[in-house]
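Take a look at the structure set out below.
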Amino acid sequence: MFSWALTFFIIAVIAGILGFAGIAGTMAWAAQTLFVAGLILAVVFFFLGRRPPPT
């Protein structure tokens with residue numbers, strides 16, 4: 001998920017440099033959304049993985 005966020009961020013930066021503001025904004029939003037979702041999932045899986053196995 002973080003690799004997709006990085007890919008969208010790089011596309012946003014390149015689009016911003018070339019002057020495509022609409023595409024840059026959309027890609028930046030997608031990158032931010034994927035990054036936040038990845039962080040939330042990482043925290044959830046971190047805590048779920050620390051539970052003792054059910055008996």
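Quick note on naming: the chains in the structure tokens go A, B, ... in the order shown, residues restart at 1 in each chain, and ligands are numbered from 1 in order of appearance.
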
As JSON, numbers by chain, please: all residues of chain A that backbone DSSP puts in alpha helix (DSSP H).
{"A": [2, 3, 4, 5, 6, 7, 8, 9, 10, 11, 12, 13, 14, 15, 16, 17, 18, 21, 22, 23, 24, 25, 26, 27, 28, 29, 30, 31, 32, 33, 34, 35, 36, 37, 38, 39, 40, 41, 42, 43, 44, 45, 46, 47, 48]}

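Shortest atom-to-atom contact with A:Ala30 among A:Pro54, A:Ser3, A:Phe8, A:Val43: A:Phe8, counting only C-alpha atoms.
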
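Excluding A:Leu6 itself and same-chain residues fewer than 5 positions from it, the residues having an atom within 12 Å of it are A:Met1, A:Ile11, A:Ala12, A:Val13, A:Met27, A:Ala28, A:Trp29, A:Ala30, A:Ala31, A:Gln32, A:Thr33, A:Leu34, A:Phe35, A:Gly38, counting only C-alpha atoms.
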
Just write the chosen residues, N, CA and C atoms, as a PDB file, in the first residue's frame.
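The new file part-v2.pdb reads:
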ATOM      1  N   MET A   1       0.822  -1.178   0.000  1.00  0.00           N
ATOM      2  CA  MET A   1       0.000   0.000   0.000  1.00  0.00           C
ATOM      3  C   MET A   1       0.879   1.260   0.000  1.00  0.00           C
ATOM      4  N   ILE A  11       3.908  10.677  -9.286  1.00  0.00           N
ATOM      5  CA  ILE A  11       3.118  11.142 -10.427  1.00  0.00           C
ATOM      6  C   ILE A  11       2.584  12.545 -10.159  1.00  0.00           C
ATOM      7  N   ALA A  12       2.153  12.813  -8.936  1.00  0.00           N
ATOM      8  CA  ALA A  12       1.645  14.138  -8.586  1.00  0.00           C
ATOM      9  C   ALA A  12       2.730  15.197  -8.696  1.00  0.00           C
ATOM     10  N   VAL A  13       3.930  14.870  -8.250  1.00  0.00           N
ATOM     11  CA  VAL A  13       5.026  15.828  -8.332  1.00  0.00           C
ATOM     12  C   VAL A  13       5.369  16.120  -9.789  1.00  0.00           C
ATOM     13  N   MET A  27      -3.840  13.081  -7.794  1.00  0.00           N
ATOM     14  CA  MET A  27      -2.830  12.089  -7.420  1.00  0.00           C
ATOM     15  C   MET A  27      -2.323  12.324  -5.993  1.00  0.00           C
ATOM     16  N   ALA A  28      -2.187  13.582  -5.606  1.00  0.00           N
ATOM     17  CA  ALA A  28      -1.754  13.881  -4.239  1.00  0.00           C
ATOM     18  C   ALA A  28      -2.806  13.411  -3.235  1.00  0.00           C
ATOM     19  N   TRP A  29      -4.091  13.611  -3.566  1.00  0.00           N
ATOM     20  CA  TRP A  29      -5.162  13.143  -2.677  1.00  0.00           C
ATOM     21  C   TRP A  29      -5.136  11.621  -2.577  1.00  0.00           C
ATOM     22  N   ALA A  30      -4.941  10.944  -3.716  1.00  0.00           N
ATOM     23  CA  ALA A  30      -4.891   9.483  -3.709  1.00  0.00           C
ATOM     24  C   ALA A  30      -3.699   8.987  -2.890  1.00  0.00           C
ATOM     25  N   ALA A  31      -2.555   9.643  -3.045  1.00  0.00           N
ATOM     26  CA  ALA A  31      -1.371   9.243  -2.284  1.00  0.00           C
ATOM     27  C   ALA A  31      -1.599   9.427  -0.786  1.00  0.00           C
ATOM     28  N   GLN A  32      -2.187  10.545  -0.404  1.00  0.00           N
ATOM     29  CA  GLN A  32      -2.434  10.803   1.011  1.00  0.00           C
ATOM     30  C   GLN A  32      -3.434   9.793   1.579  1.00  0.00           C
ATOM     31  N   THR A  33      -4.480   9.496   0.822  1.00  0.00           N
ATOM     32  CA  THR A  33      -5.490   8.541   1.270  1.00  0.00           C
ATOM     33  C   THR A  33      -4.890   7.150   1.457  1.00  0.00           C
ATOM     34  N   LEU A  34      -4.099   6.704   0.489  1.00  0.00           N
ATOM     35  CA  LEU A  34      -3.476   5.384   0.596  1.00  0.00           C
ATOM     36  C   LEU A  34      -2.474   5.326   1.746  1.00  0.00           C
ATOM     37  N   PHE A  35      -1.745   6.411   1.968  1.00  0.00           N
ATOM     38  CA  PHE A  35      -0.782   6.433   3.060  1.00  0.00           C
ATOM     39  C   PHE A  35      -1.489   6.329   4.407  1.00  0.00           C
ATOM     40  N   GLY A  38      -2.876   2.866   4.857  1.00  0.00           N
ATOM     41  CA  GLY A  38      -1.792   1.943   5.176  1.00  0.00           C
ATOM     42  C   GLY A  38      -1.358   2.049   6.626  1.00  0.00           C
TER      43      GLY A  38
END

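Of the residues under consideration (A:Ala5, A:Leu48, A:Ala42, A:Ile10), A:Ile10 shows the shortest atom-to-atom contact distance to A:Ala24 when counting only C-alpha atoms.
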